[in-house]
Amino acid sequence: MKITILCVGKIKEAFYRDAVAEYAKRLSRYAEFQIVEVPDEKTPERASEAEEAKILATEGERLLKAKKPDAYTIALAIDGKSLSSVGFAEKMEALALGGVSHVQFVIGGTLGLAPEVLKACDYKLSFSAMTFPHQLMRVILAEQIYRAFRIRSGEPYHK
């Protein structure tokens with residue numbers, strides 16, 4: 001299976017980059033894993049609703065352009081479906097058994113995801129009702145993908 005994290009912006013903090021790199025290395029035993037970054041837009045300190053909508057639209061266009069049409073696409077969204085780690089592993093297993101060979105996860109920038117991006121995705125997944133920095137979300141997502149593969153393989157990790 002091929003796993004892609006499609007996201008807005010680059011990770012600036014070395015500790016986040018190191019954590020993502022570690023999970024990418026671990027995942028390489030189970031899947032082809034890659035991260036595709038699209039440029040983010042600078043958000044002014046006190047951006048108006050119109051400015052925020054324009055930023056979301058611009059970042060959304062970039063994400064849609066980078067989105068692979070053959071991939072099953074999962075948007076990370078607060079209003080998405082919440083799954084346990086086992087439920088997430090079962091979802092990934094069901095996709096694989098259903099013939100899906102490429103799963104693409106989409107993480108928005110500071111302002112989230114444009115409505116057009118959410119509409120273009122096959123599934124919306126929520127990790128929490130809380131808001132996380134999008135850089136940290138990459139680490140959390142990579143860890144949960146790794147955990148899902150370990151659960152699916154019956155290997156010790158999930159406790």
# chains A, B, ... in the order shown; residues from 1 in each chain; ligands from 1
call {"tool": "residues_around", "arguments": {"residues": "Lys67 in chain A", "least_positions_apart": "6", "cutoff": "9 Å", "atoms": "only C-alpha atoms", "output": "PyMOL selection string"}}
result
chain A and resi 6+73+104+106
call {"tool": "residues_around", "arguments": {"residues": "Asp122 in chain A", "least_positions_apart": "5", "cutoff": "9 Å", "atoms": "only C-alpha atoms", "output": "list in words"}}
result
Tyr72, Thr73, Ile74 and Ala75 of chain A
call {"tool": "closest_residue", "arguments": {"among": "A:Gln135, A:Ser85, A:Ser101, A:Thr110", "to": "Pro44 in chain A", "atoms": "only C-alpha atoms"}}
result
A:Thr110
call {"tool": "closest_residue", "arguments": {"among": "A:Leu83, A:Glu143, A:Lys91, A:Ala77", "to": "Thr131 in chain A", "atoms": "only C-alpha atoms"}}
result
A:Ala77
call {"tool": "closest_residue", "arguments": {"among": "A:Ala71, A:Ala14, A:Gly108, A:Glu22", "to": "Val38 in chain A", "atoms": "only C-alpha atoms"}}
result
A:Gly108
call {"tool": "select_by_dssp", "arguments": {"residues": "range 2-60 of chain A", "states": "strand (DSSP E)", "output": "ChimeraX atom specification"}}
result
/A:2-8,32-38
call {"tool": "atom_distance", "arguments": {"atom1": "CA of Ile5 in chain A", "atom2": "CA of Val20 in chain A"}}
result
10.9 Å
call {"tool": "closest_residue", "arguments": {"among": "A:Ser28, A:Thr43, A:Gln144, A:Ser126", "to": "Gly109 in chain A", "atoms": "only C-alpha atoms"}}
result
A:Thr43
call {"tool": "closest_residue", "arguments": {"among": "A:Phe15, A:Phe88, A:Tyr146, A:Phe132", "to": "Ile107 in chain A", "atoms": "only C-alpha atoms"}}
result
A:Phe132
call {"tool": "atom_distance", "arguments": {"atom1": "CA of Glu37 in chain A", "atom2": "CA of Lys54 in chain A"}}
result
19.2 Å
call {"tool": "residues_around", "arguments": {"residues": "range 30-36 of chain A", "least_positions_apart": "4", "cutoff": "10 Å", "atoms": "only C-alpha atoms", "output": "PyMOL selection string"}}
result
chain A and resi 1-10+20+23-26+63+66-67+101-106+138+142+145-146+149-150+153
call {"tool": "write_last_selection", "arguments": {"atoms": "C-alpha atoms", "output": "PDB file, in the first residue's frame"}}
result
ATOM      1  CA  MET A   1       0.000   0.000   0.000  1.00  0.00           C
ATOM      2  CA  LYS A   2       1.111   3.539  -0.690  1.00  0.00           C
ATOM      3  CA  ILE A   3       0.487   6.170   1.996  1.00  0.00           C
ATOM      4  CA  THR A   4       0.813   9.878   1.280  1.00  0.00           C
ATOM      5  CA  ILE A   5       0.403  12.773   3.660  1.00  0.00           C
ATOM      6  CA  LEU A   6      -0.524  15.827   1.607  1.00  0.00           C
ATOM      7  CA  CYS A   7      -0.107  18.951   3.697  1.00  0.00           C
ATOM      8  CA  VAL A   8       0.237  22.703   3.687  1.00  0.00           C
ATOM      9  CA  GLY A   9       3.588  24.258   4.559  1.00  0.00           C
ATOM     10  CA  LYS A  10       6.910  22.967   5.757  1.00  0.00           C
ATOM     11  CA  VAL A  20       8.112  12.356  11.312  1.00  0.00           C
ATOM     12  CA  TYR A  23       7.885   7.148  11.797  1.00  0.00           C
ATOM     13  CA  ALA A  24       8.583   7.289   8.048  1.00  0.00           C
ATOM     14  CA  LYS A  25      11.524   4.931   8.633  1.00  0.00           C
ATOM     15  CA  ARG A  26       9.389   2.570  10.721  1.00  0.00           C
ATOM     16  CA  LEU A  63      -3.902  20.868  -2.380  1.00  0.00           C
ATOM     17  CA  ALA A  66      -1.440  17.908  -5.775  1.00  0.00           C
ATOM     18  CA  LYS A  67      -4.208  15.438  -4.864  1.00  0.00           C
ATOM     19  CA  SER A 101      -3.684   0.674  -3.087  1.00  0.00           C
ATOM     20  CA  HIS A 102      -3.082   4.359  -2.321  1.00  0.00           C
ATOM     21  CA  VAL A 103      -4.402   6.275   0.687  1.00  0.00           C
ATOM     22  CA  GLN A 104      -3.770   9.990   0.798  1.00  0.00           C
ATOM     23  CA  PHE A 105      -4.302  11.979   4.006  1.00  0.00           C
ATOM     24  CA  VAL A 106      -4.820  15.742   3.747  1.00  0.00           C
ATOM     25  CA  ARG A 138       1.841  15.194  10.924  1.00  0.00           C
ATOM     26  CA  ALA A 142       2.359   9.232  11.077  1.00  0.00           C
ATOM     27  CA  ILE A 145      -0.597   5.040  10.635  1.00  0.00           C
ATOM     28  CA  TYR A 146       2.388   3.100  11.990  1.00  0.00           C
ATOM     29  CA  PHE A 149       0.002  -1.352  10.512  1.00  0.00           C
ATOM     30  CA  ARG A 150       1.338  -2.910  13.722  1.00  0.00           C
ATOM     31  CA  SER A 153       0.033  -7.331  11.545  1.00  0.00           C
TER      32      SER A 153
END
call {"tool": "atom_distance", "arguments": {"atom1": "CA of Ala89 in chain A", "atom2": "CA of Cys121 in chain A"}}
result
19.2 Å
call {"tool": "closest_residue", "arguments": {"among": "A:Ile140, A:Val100, A:Phe127, A:Glu51", "to": "Ser82 in chain A", "atoms": "only C-alpha atoms"}}
result
A:Phe127
